$ cat entry_14.cif   # mmCIF, C-alpha atoms
data_start
#
loop_
_atom_site.group_PDB
_atom_site.id
_atom_site.type_symbol
_atom_site.label_atom_id
_atom_site.label_comp_id
_atom_site.auth_asym_id
_atom_site.auth_seq_id
_atom_site.Cartn_x
_atom_site.Cartn_y
_atom_site.Cartn_z
ATOM 1 C CA MET A 13 33.442 -18.216 1.607
ATOM 2 C CA SER A 14 30.650 -15.630 1.710
ATOM 3 C CA GLU A 15 29.618 -13.849 -1.439
ATOM 4 C CA SER A 16 28.864 -10.156 -1.684
ATOM 5 C CA SER A 17 25.242 -9.078 -1.542
ATOM 6 C CA SER A 18 25.161 -8.138 -5.225
ATOM 7 C CA SER A 19 26.734 -11.400 -6.450
ATOM 8 C CA ALA A 20 24.499 -13.468 -4.186
ATOM 9 C CA THR A 21 21.326 -11.868 -5.554
ATOM 10 C CA PRO A 22 20.014 -13.800 -8.555
ATOM 11 C CA LEU A 23 19.098 -11.789 -11.645
ATOM 12 C CA PHE A 24 15.506 -13.011 -11.598
ATOM 13 C CA ALA A 25 15.024 -11.471 -8.134
ATOM 14 C CA TRP A 26 15.807 -8.013 -9.535
ATOM 15 C CA ALA A 27 13.475 -8.719 -12.448
ATOM 16 C CA LEU A 28 10.732 -9.785 -10.012
ATOM 17 C CA LEU A 29 11.229 -6.592 -7.995
ATOM 18 C CA GLY A 30 10.898 -4.559 -11.188
ATOM 19 C CA VAL A 31 7.700 -6.375 -12.157
ATOM 20 C CA ALA A 32 6.333 -5.890 -8.626
ATOM 21 C CA LEU A 33 7.065 -2.146 -8.741
ATOM 22 C CA LEU A 34 5.341 -1.788 -12.114
ATOM 23 C CA ALA A 35 2.376 -3.834 -10.902
ATOM 24 C CA VAL A 36 1.731 -1.883 -7.686
ATOM 25 C CA SER A 37 2.336 1.429 -9.498
ATOM 26 C CA SER A 38 -0.357 0.612 -12.063
ATOM 27 C CA ALA A 39 -3.119 0.120 -9.470
ATOM 28 C CA GLY A 40 -3.836 3.834 -9.032
ATOM 29 C CA VAL A 41 -4.612 4.614 -12.661
ATOM 30 C CA VAL A 42 -6.738 1.453 -13.052
ATOM 31 C CA LEU A 43 -8.773 2.207 -9.927
ATOM 32 C CA GLN A 44 -9.140 5.843 -10.962
ATOM 33 C CA ALA A 45 -10.462 4.744 -14.365
ATOM 34 C CA MET A 46 -13.190 2.728 -12.591
ATOM 35 C CA SER A 47 -14.832 5.954 -11.384
ATOM 36 C CA GLU A 48 -18.343 4.720 -12.297
ATOM 37 C CA VAL A 49 -18.121 2.519 -9.181
ATOM 38 C CA PRO A 50 -18.272 4.308 -5.789
ATOM 39 C CA PRO A 51 -14.828 4.361 -4.114
ATOM 40 C CA LEU A 52 -15.537 2.259 -1.012
ATOM 41 C CA LEU A 53 -17.289 -0.388 -3.100
ATOM 42 C CA ARG A 54 -14.405 -0.265 -5.589
ATOM 43 C CA ALA A 55 -11.965 -0.859 -2.736
ATOM 44 C CA SER A 56 -14.082 -3.754 -1.437
ATOM 45 C CA TRP A 57 -14.096 -5.343 -4.899
ATOM 46 C CA ARG A 58 -10.301 -5.165 -4.988
ATOM 47 C CA MET A 59 -10.017 -6.851 -1.584
ATOM 48 C CA GLN A 60 -12.555 -9.541 -2.527
ATOM 49 C CA GLY A 61 -10.747 -10.353 -5.761
ATOM 50 C CA THR A 62 -7.332 -10.448 -4.106
ATOM 51 C CA ALA A 63 -8.675 -12.678 -1.318
ATOM 52 C CA LEU A 64 -9.894 -15.198 -3.890
ATOM 53 C CA VAL A 65 -6.442 -15.259 -5.474
ATOM 54 C CA LEU A 66 -4.808 -15.789 -2.060
ATOM 55 C CA LEU A 67 -7.260 -18.483 -0.908
ATOM 56 C CA PRO A 68 -5.516 -21.558 -2.451
ATOM 57 C CA GLY A 69 -2.197 -20.558 -0.884
ATOM 58 C CA PHE A 70 -3.910 -20.035 2.474
ATOM 59 C CA ILE A 71 -5.539 -23.485 2.405
ATOM 60 C CA TYR A 72 -2.231 -25.147 1.561
ATOM 61 C CA GLN A 73 -0.163 -23.333 4.200
ATOM 62 C CA PHE A 74 -2.818 -23.475 6.927
ATOM 63 C CA ARG A 75 -3.097 -27.242 6.529
ATOM 64 C CA LYS A 76 0.666 -27.510 6.983
ATOM 65 C CA ILE A 77 0.845 -25.509 10.230
ATOM 66 C CA GLY A 78 -2.552 -26.554 11.611
ATOM 67 C CA SER A 79 -4.929 -24.463 13.706
ATOM 68 C CA ASP A 80 -2.503 -24.615 16.645
ATOM 69 C CA GLY A 81 -0.010 -22.643 14.572
ATOM 70 C CA VAL A 82 -2.075 -19.476 14.957
ATOM 71 C CA SER A 83 -2.769 -18.309 18.514
ATOM 72 C CA THR A 84 -5.725 -16.277 19.759
ATOM 73 C CA LYS A 85 -3.464 -13.237 20.016
ATOM 74 C CA ASP A 86 -2.347 -13.793 16.420
ATOM 75 C CA TRP A 87 -5.977 -13.741 15.260
ATOM 76 C CA GLN A 88 -6.568 -10.535 17.238
ATOM 77 C CA ILE A 89 -3.605 -8.885 15.515
ATOM 78 C CA ILE A 90 -4.859 -10.137 12.139
ATOM 79 C CA LEU A 91 -8.256 -8.588 12.883
ATOM 80 C CA ALA A 92 -6.688 -5.256 13.833
ATOM 81 C CA SER A 93 -4.495 -5.382 10.747
ATOM 82 C CA SER A 94 -7.564 -5.900 8.550
ATOM 83 C CA VAL A 95 -9.172 -2.758 9.987
ATOM 84 C CA PHE A 96 -6.023 -0.742 9.232
ATOM 85 C CA LEU A 97 -5.894 -2.187 5.704
ATOM 86 C CA ALA A 98 -9.562 -1.404 5.074
ATOM 87 C CA ILE A 99 -9.195 2.224 6.175
ATOM 88 C CA HIS A 100 -5.944 2.563 4.226
ATOM 89 C CA PHE A 101 -7.398 1.232 1.021
ATOM 90 C CA GLY A 102 -10.786 2.934 1.352
ATOM 91 C CA ALA A 103 -9.194 6.327 2.044
ATOM 92 C CA TRP A 104 -6.701 5.977 -0.793
ATOM 93 C CA VAL A 105 -9.269 4.902 -3.405
ATOM 94 C CA TRP A 106 -11.539 7.750 -2.251
ATOM 95 C CA SER A 107 -8.629 10.166 -2.713
ATOM 96 C CA LEU A 108 -8.215 9.050 -6.335
ATOM 97 C CA ASP A 109 -11.642 10.576 -7.039
ATOM 98 C CA HIS A 110 -10.850 13.835 -5.237
ATOM 99 C CA THR A 111 -7.286 14.787 -6.163
ATOM 100 C CA SER A 112 -4.806 14.169 -8.960
ATOM 101 C CA LEU A 113 -3.258 10.736 -9.423
ATOM 102 C CA ILE A 114 0.247 12.028 -8.695
ATOM 103 C CA HIS A 115 -0.821 13.817 -5.506
ATOM 104 C CA SER A 116 -2.694 10.731 -4.315
ATOM 105 C CA LEU A 117 0.359 8.531 -4.873
ATOM 106 C CA LEU A 118 2.709 11.055 -3.260
ATOM 107 C CA PHE A 119 0.709 11.505 -0.065
ATOM 108 C CA VAL A 120 -0.137 7.825 0.391
ATOM 109 C CA SER A 121 3.593 7.029 0.119
ATOM 110 C CA MET A 122 4.496 9.188 3.139
ATOM 111 C CA HIS A 123 4.173 6.346 5.661
ATOM 112 C CA PRO A 124 7.899 6.450 6.584
ATOM 113 C CA LEU A 125 7.309 9.989 7.903
ATOM 114 C CA VAL A 126 4.264 8.820 9.885
ATOM 115 C CA LEU A 127 6.312 6.014 11.425
ATOM 116 C CA VAL A 128 8.648 8.579 13.004
ATOM 117 C CA LEU A 129 5.719 10.100 14.900
ATOM 118 C CA ILE A 130 4.842 6.804 16.601
ATOM 119 C CA MET A 131 8.383 5.515 17.128
ATOM 120 C CA PRO A 132 8.538 6.677 20.795
ATOM 121 C CA ALA A 133 5.289 4.808 21.502
ATOM 122 C CA ILE A 134 6.745 1.520 20.206
ATOM 123 C CA GLY A 135 10.044 1.927 22.043
ATOM 124 C CA LEU A 136 12.232 3.165 19.187
ATOM 125 C CA ALA A 137 14.558 6.154 19.463
ATOM 126 C CA VAL A 138 13.991 9.137 17.202
ATOM 127 C CA ARG A 139 17.328 10.440 15.941
ATOM 128 C CA ARG A 140 18.398 13.596 14.146
ATOM 129 C CA GLY A 141 18.297 11.851 10.770
ATOM 130 C CA HIS A 142 14.646 10.936 11.329
ATOM 131 C CA LEU A 143 13.699 14.514 12.199
ATOM 132 C CA THR A 144 15.621 15.930 9.253
ATOM 133 C CA GLY A 145 13.830 13.566 6.879
ATOM 134 C CA VAL A 146 10.442 14.486 8.364
ATOM 135 C CA MET A 147 11.167 18.207 8.016
ATOM 136 C CA VAL A 148 12.226 17.791 4.381
ATOM 137 C CA GLY A 149 9.087 15.761 3.685
ATOM 138 C CA ILE A 150 6.808 18.313 5.382
ATOM 139 C CA VAL A 151 8.337 21.190 3.424
ATOM 140 C CA GLY A 152 7.777 19.194 0.234
ATOM 141 C CA ALA A 153 4.145 18.487 1.145
ATOM 142 C CA LEU A 154 3.453 22.149 1.919
ATOM 143 C CA LEU A 155 5.001 23.199 -1.375
ATOM 144 C CA SER A 156 2.927 20.601 -3.257
ATOM 145 C CA LEU A 157 -0.255 22.040 -1.753
ATOM 146 C CA GLY A 158 0.497 25.237 -3.662
ATOM 147 C CA ASP A 159 -1.188 23.571 -6.653
ATOM 148 C CA VAL A 160 -4.545 23.420 -4.853
ATOM 149 C CA GLU A 161 -7.100 25.526 -6.713
ATOM 150 C CA ALA A 162 -10.825 25.948 -6.315
ATOM 151 C CA GLY A 163 -12.453 23.555 -8.765
ATOM 152 C CA GLY A 164 -9.072 22.144 -9.813
ATOM 153 C CA ASP A 165 -7.863 18.545 -9.984
ATOM 154 C CA VAL A 166 -5.780 18.888 -6.784
ATOM 155 C CA THR A 167 -7.730 19.329 -3.525
ATOM 156 C CA VAL A 168 -6.753 19.514 0.135
ATOM 157 C CA LEU A 169 -9.476 16.999 1.030
ATOM 158 C CA GLY A 170 -8.230 14.469 -1.527
ATOM 159 C CA ASP A 171 -4.624 14.882 -0.391
ATOM 160 C CA ALA A 172 -5.727 14.506 3.249
ATOM 161 C CA ALA A 173 -7.548 11.260 2.423
ATOM 162 C CA ALA A 174 -4.428 9.888 0.731
ATOM 163 C CA PHE A 175 -2.372 10.861 3.781
ATOM 164 C CA LEU A 176 -4.905 9.062 6.011
ATOM 165 C CA GLY A 177 -4.098 6.033 3.873
ATOM 166 C CA ALA A 178 -0.425 6.530 4.735
ATOM 167 C CA VAL A 179 -1.209 6.835 8.457
ATOM 168 C CA THR A 180 -3.284 3.662 8.631
ATOM 169 C CA VAL A 181 -0.977 1.542 6.473
ATOM 170 C CA VAL A 182 1.652 1.920 9.213
ATOM 171 C CA GLY A 183 -0.544 -0.166 11.534
ATOM 172 C CA TYR A 184 -0.961 -2.772 8.805
ATOM 173 C CA LEU A 185 2.799 -2.889 8.189
ATOM 174 C CA LEU A 186 3.694 -3.139 11.894
ATOM 175 C CA ALA A 187 1.200 -5.976 12.373
ATOM 176 C CA GLY A 188 2.628 -7.756 9.350
ATOM 177 C CA ARG A 189 6.195 -7.264 10.582
ATOM 178 C CA HIS A 190 5.305 -8.809 13.943
ATOM 179 C CA LEU A 191 3.454 -11.821 12.543
ATOM 180 C CA ARG A 192 5.776 -12.483 9.604
ATOM 181 C CA ALA A 193 9.168 -11.730 11.179
ATOM 182 C CA GLU A 194 8.679 -12.531 14.863
ATOM 183 C CA ARG A 195 5.931 -15.160 14.743
ATOM 184 C CA ARG A 196 7.195 -16.644 11.434
ATOM 185 C CA MET A 197 3.650 -16.812 10.085
ATOM 186 C CA PRO A 198 3.478 -18.052 6.456
ATOM 187 C CA ILE A 199 2.656 -15.302 3.963
ATOM 188 C CA PHE A 200 -0.723 -16.642 2.816
ATOM 189 C CA VAL A 201 -1.851 -17.515 6.351
ATOM 190 C CA TYR A 202 -1.385 -13.836 7.164
ATOM 191 C CA ALA A 203 -2.390 -12.182 3.882
ATOM 192 C CA PHE A 204 -5.649 -14.023 3.127
ATOM 193 C CA PRO A 205 -7.610 -13.410 6.359
ATOM 194 C CA VAL A 206 -6.397 -9.793 6.532
ATOM 195 C CA THR A 207 -7.446 -9.126 2.935
ATOM 196 C CA PHE A 208 -10.735 -11.028 3.242
ATOM 197 C CA ALA A 209 -11.733 -9.228 6.443
ATOM 198 C CA ALA A 210 -10.738 -5.857 4.955
ATOM 199 C CA GLY A 211 -13.091 -6.623 2.072
ATOM 200 C CA ILE A 212 -15.902 -7.247 4.563
ATOM 201 C CA TRP A 213 -15.298 -3.966 6.440
ATOM 202 C CA LEU A 214 -15.233 -2.055 3.152
ATOM 203 C CA ALA A 215 -18.420 -3.795 1.990
ATOM 204 C CA LEU A 216 -20.176 -2.736 5.197
ATOM 205 C CA ALA A 217 -18.927 0.817 4.684
ATOM 206 C CA ALA A 218 -20.179 0.750 1.086
ATOM 207 C CA ILE A 219 -23.608 -0.389 2.292
ATOM 208 C CA SER A 220 -23.884 2.376 4.899
ATOM 209 C CA GLN A 221 -22.227 5.208 2.956
ATOM 210 C CA GLU A 222 -22.875 4.458 -0.711
ATOM 211 C CA GLY A 223 -26.131 2.476 -0.743
ATOM 212 C CA ALA A 224 -24.556 -0.718 -2.046
ATOM 213 C CA SER A 225 -26.414 -4.005 -1.593
ATOM 214 C CA MET A 226 -25.985 -7.706 -2.264
ATOM 215 C CA ALA A 227 -29.202 -8.063 -4.253
ATOM 216 C CA ASP A 228 -28.975 -5.034 -6.531
ATOM 217 C CA ALA A 229 -29.047 -5.917 -10.236
ATOM 218 C CA ILE A 230 -26.966 -2.870 -11.206
ATOM 219 C CA PRO A 231 -23.310 -4.033 -11.040
ATOM 220 C CA GLU A 232 -21.969 -0.583 -10.099
ATOM 221 C CA ILE A 233 -23.812 -0.641 -6.748
ATOM 222 C CA SER A 234 -23.737 -4.377 -6.079
ATOM 223 C CA LEU A 235 -21.400 -5.899 -3.501
ATOM 224 C CA LEU A 236 -20.552 -8.644 -5.977
ATOM 225 C CA GLY A 237 -20.792 -6.463 -9.063
ATOM 226 C CA TRP A 238 -17.150 -7.203 -9.874
ATOM 227 C CA ALA A 239 -18.297 -10.607 -11.187
ATOM 228 C CA ASP A 240 -20.180 -8.853 -14.025
ATOM 229 C CA ALA A 241 -18.569 -9.296 -17.445
ATOM 230 C CA VAL A 242 -17.883 -5.551 -17.642
ATOM 231 C CA TRP A 243 -15.868 -5.352 -14.429
ATOM 232 C CA LEU A 244 -14.416 -8.847 -14.054
ATOM 233 C CA PRO A 245 -11.345 -8.153 -16.267
ATOM 234 C CA TRP A 246 -10.556 -5.030 -14.232
ATOM 235 C CA ILE A 247 -10.729 -6.808 -10.876
ATOM 236 C CA ALA A 248 -8.896 -9.835 -12.288
ATOM 237 C CA TYR A 249 -6.014 -7.567 -13.287
ATOM 238 C CA LEU A 250 -5.978 -5.741 -9.942
ATOM 239 C CA SER A 251 -6.004 -9.056 -8.077
ATOM 240 C CA LEU A 252 -3.401 -10.864 -10.175
ATOM 241 C CA GLY A 253 -1.274 -7.822 -11.052
ATOM 242 C CA PRO A 254 -0.905 -5.401 -8.118
ATOM 243 C CA GLY A 255 -2.325 -7.966 -5.680
ATOM 244 C CA LEU A 256 -0.409 -11.175 -6.425
ATOM 245 C CA CYS A 257 2.540 -10.147 -8.631
ATOM 246 C CA GLY A 258 2.924 -6.856 -6.781
ATOM 247 C CA HIS A 259 2.523 -7.368 -3.051
ATOM 248 C CA THR A 260 3.250 -11.104 -2.955
ATOM 249 C CA GLY A 261 6.200 -10.551 -5.290
ATOM 250 C CA ILE A 262 7.585 -7.946 -2.894
ATOM 251 C CA ASN A 263 7.389 -10.377 0.005
ATOM 252 C CA THR A 264 9.092 -13.015 -2.155
ATOM 253 C CA VAL A 265 12.110 -10.928 -3.215
ATOM 254 C CA LEU A 266 12.889 -10.102 0.426
ATOM 255 C CA ARG A 267 14.501 -13.550 0.487
ATOM 256 C CA TRP A 268 17.307 -12.267 -1.757
ATOM 257 C CA ILE A 269 17.186 -8.461 -1.680
ATOM 258 C CA SER A 270 17.727 -6.272 1.390
ATOM 259 C CA PRO A 271 14.511 -4.793 2.864
ATOM 260 C CA ILE A 272 16.049 -1.303 2.720
ATOM 261 C CA ILE A 273 16.590 -1.602 -1.054
ATOM 262 C CA VAL A 274 13.051 -2.910 -1.532
ATOM 263 C CA SER A 275 11.584 -0.128 0.636
ATOM 264 C CA ILE A 276 13.398 2.648 -1.210
ATOM 265 C CA THR A 277 12.543 1.119 -4.592
ATOM 266 C CA LEU A 278 8.839 1.141 -3.694
ATOM 267 C CA LEU A 279 9.012 4.829 -2.742
ATOM 268 C CA PHE A 280 9.320 5.526 -6.455
ATOM 269 C CA GLU A 281 5.737 4.311 -6.958
ATOM 270 C CA PRO A 282 4.461 7.923 -7.421
ATOM 271 C CA VAL A 283 6.979 8.459 -10.239
ATOM 272 C CA ILE A 284 6.233 5.178 -12.020
ATOM 273 C CA GLY A 285 2.499 5.522 -11.344
ATOM 274 C CA GLY A 286 2.489 9.046 -12.763
ATOM 275 C CA ILE A 287 4.230 7.854 -15.927
ATOM 276 C CA ILE A 288 1.769 4.967 -16.299
ATOM 277 C CA GLY A 289 -1.111 7.404 -15.799
ATOM 278 C CA TRP A 290 0.278 9.712 -18.486
ATOM 279 C CA LEU A 291 0.682 6.788 -20.903
ATOM 280 C CA TRP A 292 -2.865 5.604 -20.111
ATOM 281 C CA THR A 293 -4.690 8.943 -20.402
ATOM 282 C CA GLY A 294 -2.261 11.037 -22.433
ATOM 283 C CA GLU A 295 -2.295 13.718 -19.768
ATOM 284 C CA ALA A 296 -0.931 14.303 -16.274
ATOM 285 C CA THR A 297 -1.778 16.946 -13.673
ATOM 286 C CA LEU A 298 1.636 18.163 -12.604
ATOM 287 C CA GLY A 299 1.753 21.752 -11.402
ATOM 288 C CA MET A 300 4.845 23.821 -10.697
ATOM 289 C CA TRP A 301 4.531 23.422 -6.921
ATOM 290 C CA THR A 302 4.219 19.641 -7.222
ATOM 291 C CA VAL A 303 7.353 19.577 -9.370
ATOM 292 C CA LEU A 304 9.156 21.426 -6.556
ATOM 293 C CA GLY A 305 7.579 19.691 -3.566
ATOM 294 C CA GLY A 306 7.139 16.129 -4.819
ATOM 295 C CA PRO A 307 10.859 15.310 -4.987
ATOM 296 C CA LEU A 308 11.313 16.753 -1.482
ATOM 297 C CA MET A 309 8.504 14.511 -0.163
ATOM 298 C CA LEU A 310 10.186 11.435 -1.646
ATOM 299 C CA THR A 311 13.624 12.585 -0.450
ATOM 300 C CA GLY A 312 12.336 12.984 3.106
ATOM 301 C CA ALA A 313 10.795 9.501 3.048
ATOM 302 C CA ILE A 314 14.040 8.013 1.707
ATOM 303 C CA MET A 315 16.077 9.831 4.389
ATOM 304 C CA VAL A 316 13.859 8.402 7.136
ATOM 305 C CA THR A 317 14.083 4.910 5.624
ATOM 306 C CA LEU A 318 17.870 5.070 5.430
ATOM 307 C CA GLU A 319 18.118 6.387 8.995
ATOM 308 C CA GLU A 320 15.906 3.587 10.289
ATOM 309 C CA GLU A 321 18.070 1.014 8.516
ATOM 310 C CA ARG A 322 21.196 2.510 10.119
ATOM 311 C CA GLY A 323 19.492 2.418 13.515
ATOM 312 C CA GLY A 324 18.508 -1.197 12.957
ATOM 313 C CA ARG A 325 22.138 -2.126 12.282
ATOM 314 C CA ASP A 326 23.197 -0.275 15.426
ATOM 315 C CA ARG A 327 20.615 -2.140 17.526
ATOM 316 C CA ASP A 328 21.770 -5.448 16.083
ATOM 317 C CA ALA A 329 25.383 -4.588 16.922
ATOM 318 C CA VAL A 330 24.480 -3.760 20.521
ATOM 319 C CA SER A 331 22.539 -7.002 20.825
#
$ encode --input "entry_14.cif" --output "structure tokens"
Amino acid sequence: MSESSSSATPLFAWALLGVALLAVSSAGVVLQAMSEVPPLLRASWRMQGTALVLLPGFIYQFRKIGSDGVSTKDWQIILASSVFLAIHFGAWVWSLDHTSLIHSLLFVSMHPLVLVLIMPAIGLAVRRGHLTGVMVGIVGALLSLGDVEAGGDVTVLGDAAAFLGAVTVVGYLLAGRHLRAERRMPIFVYAFPVTFAAGIWLALAAISQEGASMADAIPEISLLGWADAVWLPWIAYLSLGPGLCGHTGINTVLRWISPIIVSITLLFEPVIGGIIGWLWTGEATLGMWTVLGGPLMLTGAIMVTLEEERGGRDRDAVS
């Protein structure tokens, strides 16, 4: 006899999802507080630290499947995914220095709306529910931009960088969906090389754009400056918290909790992240237009996510 979804979901899975949401939501305020380090270098440090945490799992799983378990095409997709991840993370961390925390989290969370724009290119039908969600989200974004002021905390450039992070994360997510769901690639075999390579691309960008170097004695402009006693606790938290407990925890709970529930839960990252930021700093930049537009942005993203889930069930029924 089959059990209902709620009764079949163990309590610890919900607890793990809650911990994962808190972990990923805390990354923004921690990275923003590390403003002494240039943003691209900061992003590279995060990728390097997370890669080290993922390395033992990669070694274990890769030994089990062997080199034949990953094809040349798989490695090409992993490489492309790492480029998307590097741009996503570099743009988002840069945005944290150029707009408010809440705006950065709102605009980087708009990837469901971006997905609608590329759905025809990947052979998926765009339905009325998708378009309605996109329109609601766009109206919300335009309203939120009403808080942009010359010399203020909220800037168009910072919001645009966060949105670039949303655009590029779609490529990362689609690559991960293909390799994890269709190719059945183990989580660490996928996550480690993508994260490690993203760290390399960001390090190269930090060298060319921010003057970082391997040999510099000043930690804040050194490629390995995260190993300094001042910064090691920060990167250790980002790697073990948002990196391992957050993103790996999310992949883990998908075994028990529906992807649609997980996806919608994670769309509340701007809300949780804003609260964490307020608790951390004692202040939060939240203008009237953001109060009006922010909920519409999240509502639009949720509408698109729900519509895509309904379309997925319809496709499964036809199959």
$ residues_around --input "entry_14.cif" --residues "A:Trp243" --least-positions-apart "5" --cutoff "9 Å" --atoms "only C-alpha atoms" --output "PyMOL selection string"
chain A and resi 46+231-232+237-238+248
$ atom_distance --input "entry_14.cif" --atom1 "atom CA of A:Val82" --atom2 "atom CA of A:Met197"
8.0 Å
$ residues_around --input "entry_14.cif" --residues "A:Leu318" --least-positions-apart "6" --cutoff "10 Å" --atoms "only C-alpha atoms" --output "JSON, numbers by chain"
{"A": [141, 142, 145, 272, 273, 275, 276, 312, 324]}
$ write_last_selection --input "entry_14.cif" --atoms "C-alpha atoms" --output "CSV table (one decimal), keeping the file's coordinate frame"
chain,number,residue,atom,x,y,z
A,141,GLY,CA,18.3,11.9,10.8
A,142,HIS,CA,14.6,10.9,11.3
A,145,GLY,CA,13.8,13.6,6.9
A,272,ILE,CA,16.0,-1.3,2.7
A,273,ILE,CA,16.6,-1.6,-1.1
A,275,SER,CA,11.6,-0.1,0.6
A,276,ILE,CA,13.4,2.6,-1.2
A,312,GLY,CA,12.3,13.0,3.1
A,324,GLY,CA,18.5,-1.2,13.0
$ atom_distance --input "entry_14.cif" --atom1 "atom CA of A:Trp213" --atom2 "atom CA of A:Leu91"
10.6 Å
$ atom_distance --input "entry_14.cif" --atom1 "atom CA of A:Ala217" --atom2 "atom CA of A:Ala187"
22.6 Å
